[in-house]
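Novice: Have a look at the structure that comes next, please.
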Amino acid sequence: MAKTPKPEELSKIDYKLPEKGWMDTPVEFKEGMYCHGARPQYLETVDFPNPRQWSSKKDEDWKLPENWKEIVLNGMKERLEKYRSFRLFMDICVRCGACADKCQFFLGTGDPKNMPVLRAELIRSVYKRYFTASGKMLGKLAGGRELTLDVLKEWWYYFYQCSECRRCSVFCPYGIDQAEITMIGREILNLLGLNTDWIAGPVANSYMRGNHLGLEPHTIKSNFDFMAEDIEEVTGIKVEPTFNRKGAEILFVAPSGDFFGDPGTYTCMGYLMLFHELGLDYTWSTYASEGGNFGSFTSMEMGKRLNYKIYAEAKRLGVKWILGGECGHMWRVVNQYMDTWNGPADFLEVPVSPITGTRFENAKSTKMVHIAEFTADLIKHGKLKLDPSRNDHLKVTFHDSCNTARGMGILDEPRYILKNVLNHFYEMPEETIREKTFCCGSGSGLNAAENMELRLRGGFPRANAVKYVHQKYGVNMLTNICAIDRAALPTLMNYWVPGVDVAGVHELVANALVMKGEKERTQDLRLEPLPEKVGAENV
Amino acid sequence: MGALFSFVVVILLILVAYVGVAAAGLQSIFGIVIPYVAVLTFIVGVVYRVIKWGRSPVPFPIATTGGQQKSLPWIKQAKLDNPSSTTGVIGRMVLEVLLFRSLFRNTKSELRDGKLGYGSAKWLWVAAIAFHWSFWIVLLRHIRLFATPVPSFVNVLENLDGFLQIGVPRLFLTGVILLLAVTYLLLRRFYVPQVRYISLASDYFPLFLIMAIASTGILMRYFFRVDIVGVKELTMGLVSFNPVIPAGVGTIFYIHVFLVSTLFIYFPFSKLMHMGGVFLSPTRNLANNSRMVRHANPWNYPVKVHTYDEYEEEFREKMINAGIPIESTVLPEEFEEEFKEKVEDAGTPVREEE
Amino acid sequence: METKLKDTLREKKPAILKRWFDVIMETYPTEAAGFLKGTKNRFTSPVGYTIYEGIDGLIDGLIREVPFEELSPLLDSIIKIRAVQKFSPSQAVAFIFHLKRIVNEELQNMSDAHGVIDAAALSEFGSKIDTLALISFDIYMESREKVYELKASEARKRAFRLLQRESQLYEMQEKERSDFVITNLLREENQLYGMQGQDPNIETTNLK
């Protein structure tokens, strides 16, 4: 007779496995944890191999070239010879486990293959088997395993569950950086046309149209017109940004995420208001209209091909130097790759702030300054008239973006700015900020919609820390200097910590900025009433 | 399975040496040939591996930044965690290599019931420091066997090491610490679930091997008491390339030497190379000065790009319509008349108009 | 609640809490359970901590007989986690019923020492747990709906981007505009939920 299962029987998940070694546990693709495969048009646009219609479900035919194995192994060999990091990181890991619980995807999912060490081991095992004497002879005993289709699919599944945040690398005694291994792993996968749609699309867009969103020049301009209208409504001042203007002193490059969709647009309005108030001689470019670089989530070469536009445009327009907006991976690229890829930028001058005269020695080779550095310098020199009380309705915390924290180290500049433009600032716990910051869960091209569960789980450690300050201090605004954060964190907050909004730092700067000739402000940039002004009317 | 396999292999190694020396009388194989082979393999192997690493270039400056960058003069830079100069890098590396600074970061501060405390995450660092330093000191103490007269720093080291003045011969602390630390590192692999899950045979083997080496060493010094004069005669013979096998040195000595030789041979083929690798790690040994100084990539090559001209070609009409300046002076026909004026306006910078 | 039952539960709370937590952790796949189990640090083992603190509060609240509205946030914090962890709805909320069984078993062990606990009191306590289970279903459904809503709202943003790209937004009349939005929305969502990546009905122009 069929028995009704007891609750405790029912609640045991059927995929509960007997304890086996990870090598013997075949990968299972769980819905909500991975993205769609890249569609062919996108790959064709940038001449990438193996463009085809394919489904990234594990059991489907991935339509790989017949000699895929050879391509992978040759790709590995080439990269072992090109990157000391890759060879070294393959060789020296002692599996001490210090990184294991540092990954937010592991903390959020509990999936052991999301431990950085094991994610690396997925490819290291193949390295051992095919590229080391011990692995060739001893196989599994030396940690080696055959490269099979299953292994390849496992790579794809897990290399696109890593946000390249480098948190593991901070704690590794040898500095082994899983981001580097993921980047190289993705490069190899791309040799077979194995990208995600969400990354390949922006790459193709950015290549042809200059920005991830694929906005055409006139559309960019009309977006700015909308923003200018809103600014006029709030301040009574009409800002008039210029595009592709030759002879400007400064080229400003921001992530295109800020051109479209809130809360990015509020940050963009912040830039516009600040520059207007300063009377800065600057221009936007519709051709180099993207600071971010999804190419860098694909391959070094693709990263370079997209990044090319920034210097090329600076040269064409004849500017003196470049200022960059608030973006995470953009700044990893600017700080650690741009000059090497597309420099030297000897046609530019060492950046000097036209307002304060400060010479940015730290950017004397790339000639590109981070807007947080620029604004912090302005505030320090007392060049901005600020009314922090206009942000009094906000209790603010700051989320360090992975890339700017661990691939650059811009930690105190944004904090200095925030503390000058608002009155209520609260830090999240020490082990969740600065170089130990948790990722938003959506970095490195993971911010698609179809992998929402992955994003919510990977972002849980971050949300959890926000929840702590939300409960303890009533924090209601999560600030950051990253466009992906501005796109992904609202979703994350909406699910885990309702009641917390997301803003770029320069939105709050502009809120507090007292502009020459402005009307009395009754609204913030979101066109919401400033509470204290309402109170004032009642008096 | 990896653990059991490694354990069995180490036991077999001990048996091989025991049978080889005690039963077959192959002292010269175990006391001379194998040690020479081992040292040679070690040197050649390590050099080969380091050269192989060195041959792969460092194309990009990928320092992991663990603190505030150098930017504006009034912002305090974290000079060790985010170095921008060679001095800073050296400081970072020294702390990394000698004090395992990154591992030390591994604190788990606990915030519970509003109180802050520190969790057990320091144990890995403590054990790692204890293990590596005591291993190193034990190794240095062995110089006594390979040099006459014994260098004075070895005597100093021994005095420090044996300062407790317990027993005859004096108890060296490092030997005990080494054994305890290696035991902890092994138990950790058994009992911490995530570490057990990631551990391979190649993780257990060196631990068992080193454990066996330390144990035979301790047994030899304090319990079985090998003939130290004979031992030194043998070791001095080895370094002066005049090898001799003195009579009456206990079998345990040969077991010890055989295990050490195994470690030397195994070293260059294994993860133990991390000792050399840590110096070369590009996330640690590079300064984060890549915006100040251009880092050259030896294999940088030209790539296919989408140029501005191609871009303008595609969007020229739309740009003109939107009043965005264009490069081309040749206008599309249909625009020639109608928009000529507009283009000229658009070409003028707005600021200059004001 | 009957005082005797209350006292007994209070006394037994640590055992109940531990067993309940372990049972919940068992619902995770073996290779994950051991890792999620950490409860000590709110920030470095957030899953284990949140669940542990949540059920601790639930037991406490049940004993103190606080109103259900106060228990709801605790349930919320646990179930939100389970709602994105690939549990079926029944699996996601079944953990509540474990409490009933564990309490019964613990009380059975105790009954000799403390004499018989009033059956009515016990049954009343049980029905409170049932209520928790019902609330849990609501929260679970809310959470899942939220996930879909978030997916949809991101898809909507994408559709708008598409719109922008085609640069028709500002040239269109209100009616046309909303039709266009809806069509694109449907396409995008269709693509998200129906197809795996490609929908032949979507005309994606080769950008080149």
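Residue numbers start at 1 in each chain; chains themselves are named A, B, ... in the order of the structure tokens; ligands are numbered from 1 in the order shown.
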From region 114-291 of chain B, collect each residue whose DSSP state is helix (DSSP H, G or I) and return the set as a VMD selection string.
Specialist: chain B and resid 122 to 145 152 to 161 173 to 191 193 to 198 201 to 223 228 to 239 251 to 269 271 to 280
Novice: Quick one: which residues from chain B are at most 7 Å off chain A, using only C-alpha atoms, as a PyMOL selection string?
Specialist: chain B and resi 53+56-71+100+102-103+105-106+195+197-202+269+271+273-274+277-278+281-284+290-297+300+303-306+308+318-319+322+324-325+349-350
Novice: What does the file look like for those residues with C-alpha atoms, as a PDB file, in the first residue's frame?
Specialist:
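Output file part_4.pdb is given in full below:
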```pdb
ATOM      1  CA  TRP B  53      57.472  30.185 -14.604  1.00  0.00           C
ATOM      2  CA  SER B  56      55.759  33.019 -19.066  1.00  0.00           C
ATOM      3  CA  PRO B  57      55.614  36.796 -19.016  1.00  0.00           C
ATOM      4  CA  VAL B  58      53.452  38.976 -16.812  1.00  0.00           C
ATOM      5  CA  PRO B  59      51.418  40.759 -19.462  1.00  0.00           C
ATOM      6  CA  PHE B  60      49.284  42.857 -17.148  1.00  0.00           C
ATOM      7  CA  PRO B  61      49.814  44.578 -13.813  1.00  0.00           C
ATOM      8  CA  ILE B  62      47.230  42.698 -11.773  1.00  0.00           C
ATOM      9  CA  ALA B  63      48.167  43.526  -8.182  1.00  0.00           C
ATOM     10  CA  THR B  64      45.418  42.669  -5.745  1.00  0.00           C
ATOM     11  CA  THR B  65      44.865  45.872  -3.875  1.00  0.00           C
ATOM     12  CA  GLY B  66      44.227  45.280  -0.207  1.00  0.00           C
ATOM     13  CA  GLY B  67      43.883  48.864   0.946  1.00  0.00           C
ATOM     14  CA  GLN B  68      43.706  52.507  -0.022  1.00  0.00           C
ATOM     15  CA  GLN B  69      45.491  53.425  -3.259  1.00  0.00           C
ATOM     16  CA  LYS B  70      47.948  56.247  -3.647  1.00  0.00           C
ATOM     17  CA  SER B  71      45.953  59.134  -4.974  1.00  0.00           C
ATOM     18  CA  PHE B 100      51.899  35.052   5.968  1.00  0.00           C
ATOM     19  CA  SER B 102      47.258  37.395   3.822  1.00  0.00           C
ATOM     20  CA  LEU B 103      46.521  34.296   5.813  1.00  0.00           C
ATOM     21  CA  ARG B 105      43.797  38.526   7.486  1.00  0.00           C
ATOM     22  CA  ASN B 106      41.677  35.475   7.814  1.00  0.00           C
ATOM     23  CA  VAL B 195      38.818  21.311   3.549  1.00  0.00           C
ATOM     24  CA  TYR B 197      36.125  17.981   0.399  1.00  0.00           C
ATOM     25  CA  ILE B 198      38.907  19.737  -1.506  1.00  0.00           C
ATOM     26  CA  SER B 199      41.802  17.595  -0.260  1.00  0.00           C
ATOM     27  CA  LEU B 200      43.566  15.330  -2.725  1.00  0.00           C
ATOM     28  CA  ALA B 201      46.115  12.568  -2.300  1.00  0.00           C
ATOM     29  CA  SER B 202      48.763  15.137  -3.139  1.00  0.00           C
ATOM     30  CA  PHE B 269      56.895  17.911  -8.982  1.00  0.00           C
ATOM     31  CA  LYS B 271      52.502  21.818  -4.818  1.00  0.00           C
ATOM     32  CA  MET B 273      56.809  24.478  -5.106  1.00  0.00           C
ATOM     33  CA  HIS B 274      54.604  27.123  -3.536  1.00  0.00           C
ATOM     34  CA  GLY B 277      56.063  30.435  -6.373  1.00  0.00           C
ATOM     35  CA  VAL B 278      55.016  32.874  -3.697  1.00  0.00           C
ATOM     36  CA  SER B 281      52.912  35.809  -7.684  1.00  0.00           C
ATOM     37  CA  PRO B 282      51.853  38.759  -9.854  1.00  0.00           C
ATOM     38  CA  THR B 283      48.986  39.773  -7.604  1.00  0.00           C
ATOM     39  CA  ARG B 284      51.469  40.326  -4.792  1.00  0.00           C
ATOM     40  CA  SER B 290      49.815  51.171 -13.371  1.00  0.00           C
ATOM     41  CA  ARG B 291      48.262  54.584 -13.879  1.00  0.00           C
ATOM     42  CA  MET B 292      51.612  56.216 -13.136  1.00  0.00           C
ATOM     43  CA  VAL B 293      53.941  53.939 -15.041  1.00  0.00           C
ATOM     44  CA  ARG B 294      52.987  52.075 -18.187  1.00  0.00           C
ATOM     45  CA  HIS B 295      53.305  48.333 -17.885  1.00  0.00           C
ATOM     46  CA  ALA B 296      54.427  46.833 -21.179  1.00  0.00           C
ATOM     47  CA  ASN B 297      53.033  43.556 -22.446  1.00  0.00           C
ATOM     48  CA  ASN B 300      50.791  42.946 -27.135  1.00  0.00           C
ATOM     49  CA  VAL B 303      43.612  43.996 -32.782  1.00  0.00           C
ATOM     50  CA  LYS B 304      40.674  44.604 -35.054  1.00  0.00           C
ATOM     51  CA  VAL B 305      38.762  47.658 -33.928  1.00  0.00           C
ATOM     52  CA  HIS B 306      35.696  49.551 -34.989  1.00  0.00           C
ATOM     53  CA  TYR B 308      35.365  56.309 -35.479  1.00  0.00           C
ATOM     54  CA  LYS B 318      21.341  60.682 -37.328  1.00  0.00           C
ATOM     55  CA  MET B 319      24.212  62.644 -35.848  1.00  0.00           C
ATOM     56  CA  ALA B 322      20.691  65.472 -33.554  1.00  0.00           C
ATOM     57  CA  ILE B 324      26.168  66.256 -33.026  1.00  0.00           C
ATOM     58  CA  PRO B 325      29.348  67.425 -34.786  1.00  0.00           C
ATOM     59  CA  PRO B 349      31.352  74.125 -29.537  1.00  0.00           C
ATOM     60  CA  VAL B 350      28.491  75.214 -27.369  1.00  0.00           C
TER      61      VAL B 350
END
```
Novice: Please compute the CA of Asp76 (chain C)-CA of Thr44 (chain C) distance, one decimal, in Å.
Specialist: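 Distance reported for this atom pair: 20.5 Å.
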Novice: Taking into account only C-alpha atoms, which residue in the set C:Ile81, C:Val47, C:Leu62, C:Met25 is nearest to Tyr140 (chain C)?
Specialist: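 Of C:Ile81, C:Val47, C:Leu62, C:Met25, the one nearest Tyr140 (chain C), counting only C-alpha atoms, is C:Ile81.
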